[in-house]
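Raw contents of start-v8.txt, compact mmCIF, C-alpha atoms:
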# COMPACT_ATOMS: atom_id res chain seq x y z
CA PHE A 1 -20.86 -10.87 -67.47
CA SER A 2 -24.44 -10.82 -68.72
CA GLY A 3 -25.65 -11.73 -65.22
CA GLU A 4 -23.88 -8.72 -63.70
CA LYS A 5 -25.53 -6.38 -66.21
CA TYR A 6 -28.93 -7.89 -65.49
CA GLU A 7 -28.42 -7.46 -61.75
CA GLN A 8 -27.39 -3.85 -62.29
CA LYS A 9 -30.58 -3.24 -64.32
CA ILE A 10 -32.73 -4.70 -61.56
CA LEU A 11 -31.11 -2.51 -58.93
CA THR A 12 -31.48 0.58 -61.10
CA ASP A 13 -35.19 -0.04 -61.55
CA THR A 14 -35.88 -0.75 -57.89
CA PRO A 15 -38.32 1.76 -56.33
CA ALA A 16 -36.93 3.90 -53.52
CA GLU A 17 -39.46 2.60 -51.02
CA THR A 18 -38.51 -0.98 -51.79
CA LEU A 19 -34.81 -0.27 -51.29
CA TYR A 20 -35.57 1.55 -48.06
CA ASN A 21 -37.61 -1.33 -46.68
CA GLN A 22 -34.90 -3.78 -47.71
CA GLY A 23 -32.44 -1.68 -45.74
CA LEU A 24 -34.67 -1.72 -42.68
CA VAL A 25 -35.00 -5.50 -42.86
CA ARG A 26 -31.23 -5.88 -43.06
CA LEU A 27 -30.83 -3.60 -40.06
CA GLU A 28 -33.28 -5.68 -38.05
CA ARG A 29 -31.23 -8.77 -38.93
CA GLY A 30 -28.09 -7.08 -37.65
CA ASP A 31 -26.54 -6.70 -41.09
CA GLY A 32 -25.70 -3.01 -41.00
CA GLU A 33 -23.16 -3.17 -43.82
CA ILE A 34 -25.65 -4.50 -46.40
CA ALA A 35 -28.33 -2.18 -45.04
CA ALA A 36 -26.04 0.79 -45.64
CA LYS A 37 -25.58 -0.26 -49.26
CA ARG A 38 -29.36 -0.40 -49.77
CA PHE A 39 -29.78 3.07 -48.33
CA ALA A 40 -26.87 4.40 -50.37
CA ALA A 41 -28.48 3.07 -53.56
CA ILE A 42 -31.50 5.29 -52.96
CA ASP A 43 -29.46 8.48 -53.11
CA ARG A 44 -27.76 7.29 -56.31
CA GLN A 45 -30.94 6.17 -58.05
CA HIS A 46 -33.44 8.65 -56.63
CA PRO A 47 -31.47 11.83 -55.82
CA ASN A 48 -33.20 14.88 -54.40
CA SER A 49 -36.21 12.83 -53.36
CA GLU A 50 -37.70 12.66 -49.86
CA TRP A 51 -36.66 9.01 -49.73
CA SER A 52 -33.09 10.05 -50.52
CA LYS A 53 -32.99 12.41 -47.56
CA LYS A 54 -34.27 9.74 -45.15
CA ALA A 55 -31.94 7.14 -46.63
CA MET A 56 -28.85 9.29 -46.17
CA LEU A 57 -29.46 9.45 -42.44
CA MET A 58 -30.28 5.75 -42.21
CA GLN A 59 -27.11 4.96 -44.17
CA THR A 60 -25.12 6.82 -41.53
CA TYR A 61 -26.81 4.91 -38.73
CA ALA A 62 -26.37 1.56 -40.51
CA GLU A 63 -22.66 2.22 -41.03
CA TYR A 64 -22.34 3.15 -37.38
CA LYS A 65 -24.06 -0.06 -36.28
CA ALA A 66 -21.76 -2.02 -38.58
CA ALA A 67 -18.74 -0.38 -36.89
CA LYS A 68 -17.82 1.29 -40.18
CA TYR A 69 -17.05 4.45 -38.31
CA ASP A 70 -15.05 6.29 -40.96
CA ASP A 71 -17.86 5.64 -43.46
CA ALA A 72 -20.43 6.83 -40.92
CA ILE A 73 -18.49 10.07 -40.40
CA GLY A 74 -18.39 10.69 -44.14
CA SER A 75 -22.13 10.00 -44.53
CA ALA A 76 -22.98 12.18 -41.52
CA ASN A 77 -20.95 15.03 -42.98
CA ARG A 78 -22.73 14.74 -46.33
CA TYR A 79 -26.12 14.85 -44.65
CA TYR A 80 -25.19 17.74 -42.38
CA ASN A 81 -23.67 19.80 -45.20
CA ARG A 82 -26.73 19.24 -47.37
CA PHE A 83 -29.35 19.77 -44.68
CA PRO A 84 -27.77 21.96 -41.95
CA ASN A 85 -31.13 23.34 -40.83
CA ASP A 86 -33.03 20.07 -40.89
CA LYS A 87 -34.58 18.79 -37.66
CA GLU A 88 -32.40 15.68 -37.92
CA ALA A 89 -29.16 17.65 -38.33
CA PRO A 90 -28.28 17.26 -34.62
CA TYR A 91 -28.64 13.49 -34.97
CA ALA A 92 -26.25 13.43 -37.93
CA LEU A 93 -23.76 15.48 -35.92
CA TYR A 94 -24.24 13.16 -32.95
CA LEU A 95 -23.57 10.03 -35.03
CA ALA A 96 -20.37 11.58 -36.40
CA ALA A 97 -19.22 12.48 -32.89
CA MET A 98 -20.10 9.01 -31.61
CA SER A 99 -18.11 7.44 -34.43
CA TYR A 100 -15.00 9.36 -33.38
CA TYR A 101 -15.77 8.44 -29.77
CA GLN A 102 -15.87 4.75 -30.59
CA MET A 103 -12.50 5.01 -32.35
CA ALA A 104 -10.81 6.95 -29.55
CA PRO A 105 -7.72 4.91 -28.61
CA ASP A 106 -6.12 4.49 -25.20
CA ILE A 107 -3.80 7.22 -23.93
CA THR A 108 -0.67 5.48 -25.22
CA ARG A 109 -1.63 6.40 -28.78
CA ASP A 110 -2.33 9.54 -30.80
CA GLN A 111 -5.50 11.29 -29.62
CA GLU A 112 -6.57 12.99 -32.86
CA ARG A 113 -9.87 11.07 -33.03
CA ALA A 114 -10.64 11.85 -29.41
CA GLU A 115 -10.01 15.53 -30.11
CA LYS A 116 -12.27 15.50 -33.18
CA GLY A 117 -15.01 13.73 -31.27
CA LEU A 118 -14.74 16.25 -28.46
CA ALA A 119 -15.02 19.15 -30.91
CA LEU A 120 -18.17 17.68 -32.50
CA PHE A 121 -19.86 17.00 -29.16
CA GLN A 122 -19.08 20.56 -28.07
CA SER A 123 -20.43 21.89 -31.37
CA LEU A 124 -23.66 19.93 -30.89
CA VAL A 125 -24.15 21.32 -27.38
CA GLN A 126 -23.51 24.88 -28.54
CA ARG A 127 -25.59 24.79 -31.72
CA TYR A 128 -28.50 22.69 -30.50
CA PRO A 129 -28.85 23.32 -26.74
CA LYS A 130 -32.39 21.89 -26.68
CA SER A 131 -31.54 18.71 -28.56
CA GLU A 132 -32.28 15.34 -26.99
CA TYR A 133 -28.62 14.43 -27.56
CA VAL A 134 -27.22 17.25 -25.41
CA GLU A 135 -27.24 15.37 -22.12
CA ASP A 136 -25.29 12.41 -23.44
CA SER A 137 -22.98 14.73 -25.40
CA LYS A 138 -22.07 16.55 -22.18
CA HIS A 139 -21.19 13.24 -20.57
CA LYS A 140 -19.06 12.25 -23.56
CA ILE A 141 -17.32 15.63 -23.42
CA GLN A 142 -16.25 14.96 -19.83
CA VAL A 143 -15.04 11.45 -20.68
CA LEU A 144 -13.00 12.66 -23.65
CA ARG A 145 -11.57 15.61 -21.72
CA ASP A 146 -10.51 13.18 -19.02
CA GLN A 147 -8.84 11.00 -21.64
CA LEU A 148 -7.00 13.92 -23.24
CA ALA A 149 -5.85 15.07 -19.81
CA GLY A 150 -4.67 11.53 -19.13
CA LYS A 151 -2.60 11.65 -22.29
CA GLU A 152 -0.99 14.91 -21.20
CA MET A 153 -0.23 13.42 -17.78
CA SER A 154 1.31 10.35 -19.37
CA VAL A 155 3.64 12.46 -21.50
CA GLY A 156 4.43 14.74 -18.56
CA ARG A 157 5.41 11.77 -16.37
CA PHE A 158 7.61 10.49 -19.17
CA TYR A 159 9.47 13.81 -19.33
CA LEU A 160 9.70 13.88 -15.54
CA THR A 161 11.39 10.47 -15.38
CA ARG A 162 13.80 11.62 -18.10
CA ARG A 163 14.56 14.76 -16.05
CA ASN A 164 13.29 16.99 -18.83
CA TYR A 165 11.62 19.19 -16.27
CA THR A 166 10.71 22.11 -18.50
CA ALA A 167 8.82 19.87 -20.92
CA ALA A 168 7.11 18.13 -18.01
CA ILE A 169 6.05 21.46 -16.50
CA ASN A 170 4.46 22.49 -19.81
CA ARG A 171 2.38 19.31 -19.90
CA PHE A 172 1.23 19.55 -16.29
CA ARG A 173 0.35 23.22 -16.69
CA ASN A 174 -1.72 22.33 -19.74
CA VAL A 175 -3.72 19.86 -17.65
CA ILE A 176 -4.33 22.52 -15.00
CA GLY A 177 -5.21 25.23 -17.49
CA VAL A 178 -7.23 23.32 -20.10
CA TYR A 179 -8.55 20.26 -18.29
CA GLN A 180 -9.06 21.65 -14.79
CA THR A 181 -12.40 19.87 -14.28
CA THR A 182 -10.95 16.39 -14.81
CA ARG A 183 -9.73 13.93 -12.21
CA HIS A 184 -6.10 14.60 -13.19
CA THR A 185 -5.86 18.15 -11.84
CA GLU A 186 -4.69 17.28 -8.35
CA GLU A 187 -1.93 14.98 -9.58
CA ALA A 188 -0.86 17.58 -12.15
CA LEU A 189 -0.37 20.13 -9.35
CA MET A 190 1.62 17.59 -7.34
CA ARG A 191 3.84 16.70 -10.30
CA LEU A 192 4.28 20.36 -11.11
CA THR A 193 5.59 21.01 -7.61
CA GLU A 194 7.93 18.05 -7.98
CA ALA A 195 9.32 19.41 -11.25
CA TYR A 196 9.84 22.91 -9.83
CA MET A 197 11.63 21.48 -6.79
CA ALA A 198 13.90 19.47 -9.09
CA LEU A 199 14.80 22.70 -10.89
CA GLY A 200 15.39 24.48 -7.58
CA ILE A 201 12.58 26.96 -8.16
CA VAL A 202 11.38 26.96 -4.57
CA GLN A 203 9.01 29.92 -4.83
CA GLU A 204 7.07 28.36 -7.69
CA ALA A 205 6.96 25.05 -5.83
CA ARG A 206 5.49 26.70 -2.74
CA ARG A 207 2.88 28.51 -4.80
CA ASP A 208 1.81 25.30 -6.48
CA ARG A 209 1.56 23.56 -3.11
CA ARG A 210 -0.87 26.28 -2.05
CA ASP A 211 -2.82 25.78 -5.26
CA ARG A 212 -2.91 22.05 -4.60
CA ARG A 213 -4.40 22.57 -1.16
CA ALA A 214 -7.08 24.80 -2.66
CA ALA A 215 -7.76 22.49 -5.60
CA ARG A 216 -11.29 21.33 -6.09
CA PRO A 217 -12.04 17.64 -5.42
CA SER A 218 -11.21 15.51 -8.40
CA VAL A 219 -14.02 14.50 -10.72
CA PRO A 220 -14.47 10.71 -10.79
CA VAL A 221 -14.20 9.12 -14.21
CA HIS A 222 -17.14 7.18 -15.58
CA PRO A 223 -16.61 3.40 -15.12
CA GLY A 224 -17.03 2.86 -18.85
CA PHE A 225 -13.94 4.96 -19.51
CA LEU A 226 -11.73 2.20 -18.17
CA GLY A 227 -12.56 0.10 -21.18
CA ARG A 228 -13.56 0.94 -24.70
CA PRO A 229 -16.22 3.68 -24.89
CA GLY A 230 -19.56 2.14 -25.71
CA TRP A 231 -22.79 3.04 -27.45
CA LEU A 232 -25.44 3.91 -24.90
CA GLY A 233 -28.34 2.71 -27.00
CA ASP A 234 -30.46 3.71 -29.94
CA PRO A 235 -31.61 7.32 -29.33
CA GLY A 236 -35.05 6.84 -30.77
CA HIS A 237 -34.10 6.18 -34.40
Here is a file; write its structure as structure tokens.
Amino acid sequence: FSGEKYEQKILTDTPAETLYNQGLVRLERGDGEIAAKRFAAIDRQHPNSEWSKKAMLMQTYAEYKAAKYDDAIGSANRYYNRFPNDKEAPYALYLAAMSYYQMAPDITRDQERAEKGLALFQSLVQRYPKSEYVEDSKHKIQVLRDQLAGKEMSVGRFYLTRRNYTAAINRFRNVIGVYQTTRHTEEALMRLTEAYMALGIVQEARRDRRDRRAARPSVPVHPGFLGRPGWLGDPGH
């Protein structure tokens, strides 16, 4: 037990700059988890210092690189809530959104993380329109919208095969109304017509056929969407 106390004393007395540099070395070695602990120690031992502010952001990035996405989201939120007007606030928001993006599951599972990631990317674009992360955020928004539309289509098809036409119609209409710029719009119109025909609502079916003819060309999905969404690289940090 005496050894543990001695180690704790050493860590407590470690200068902020030393801890920060140790974290950077760990990051360079690919050990994001240990790096994050070094950066976190700075905020505990040297709160309200300039080193603490830098370390909070680097802790978020290290946790992200270590695939500790829930931890990265928590760290990003702490930084953003403490420094909402800081020049690095968009980066913290971006890392939180990217963490949700990385955890977005396939369309067979609950899409809560995809929805949260989408909301954060949209918030970044709206709040920081001149940020260097806007372009990639817009791309991620389209990918996540396509995924959420795919989930709606999957559920709608399920209801259609079970002859629950009203429930299917609600799902397909949601795709057309909310996710009209995704690649699923044309199929949603086709399935909607099919559901109306099954219910014998001929007038609605004819109207939707006209809408389908006038539908815009579908938007192709990014090739990376077919697999797990990936990090596009270190955005200069």
Which residue gives the smallest distance to A:Leu144 among A:Thr181, A:Arg163, A:Ile34, A:Lys130, with only C-alpha atoms counted?
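The answer is A:Thr181, which sits nearest to A:Leu144.
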A straight line from atom CA of A:Glu63 to atom CA of A:Asn21 spans 16.4 Å
Record the distance separating atom CA of A:Ala114 and atom CA of A:Tyr101, expressed in Å with one decimal.
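Answer for the atom CA of A:Ala114 to atom CA of A:Tyr101 separation: 6.2 Å.
The spacing separating atom CA of A:Lys138 from atom CA of A:Ile169 amounts to 29.1 Å.
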I'd like the contact shell of A:Ala35 - 9 Å cut-off, only C-alpha atoms, skipping same-chain residues fewer than 6 positions apart - returned as a ChimeraX atom specification.
/A:20,22-27,58-59,62-63
File dump, residues just selected, C-alpha atoms, as a short mmCIF file (atom, residue, chain, number, x, y, z; two decimals), in the frame of the given file:
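Written file, result-v4.cif:
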data_model
loop_
_atom_site.label_atom_id
_atom_site.label_comp_id
_atom_site.auth_asym_id
_atom_site.auth_seq_id
_atom_site.Cartn_x
_atom_site.Cartn_y
_atom_site.Cartn_z
CA TYR A 20 -35.57 1.55 -48.06
CA GLN A 22 -34.90 -3.78 -47.71
CA GLY A 23 -32.44 -1.68 -45.74
CA LEU A 24 -34.67 -1.72 -42.68
CA VAL A 25 -35.00 -5.50 -42.86
CA ARG A 26 -31.23 -5.88 -43.06
CA LEU A 27 -30.83 -3.60 -40.06
CA MET A 58 -30.28 5.75 -42.21
CA GLN A 59 -27.11 4.96 -44.17
CA ALA A 62 -26.37 1.56 -40.51
CA GLU A 63 -22.66 2.22 -41.03
#
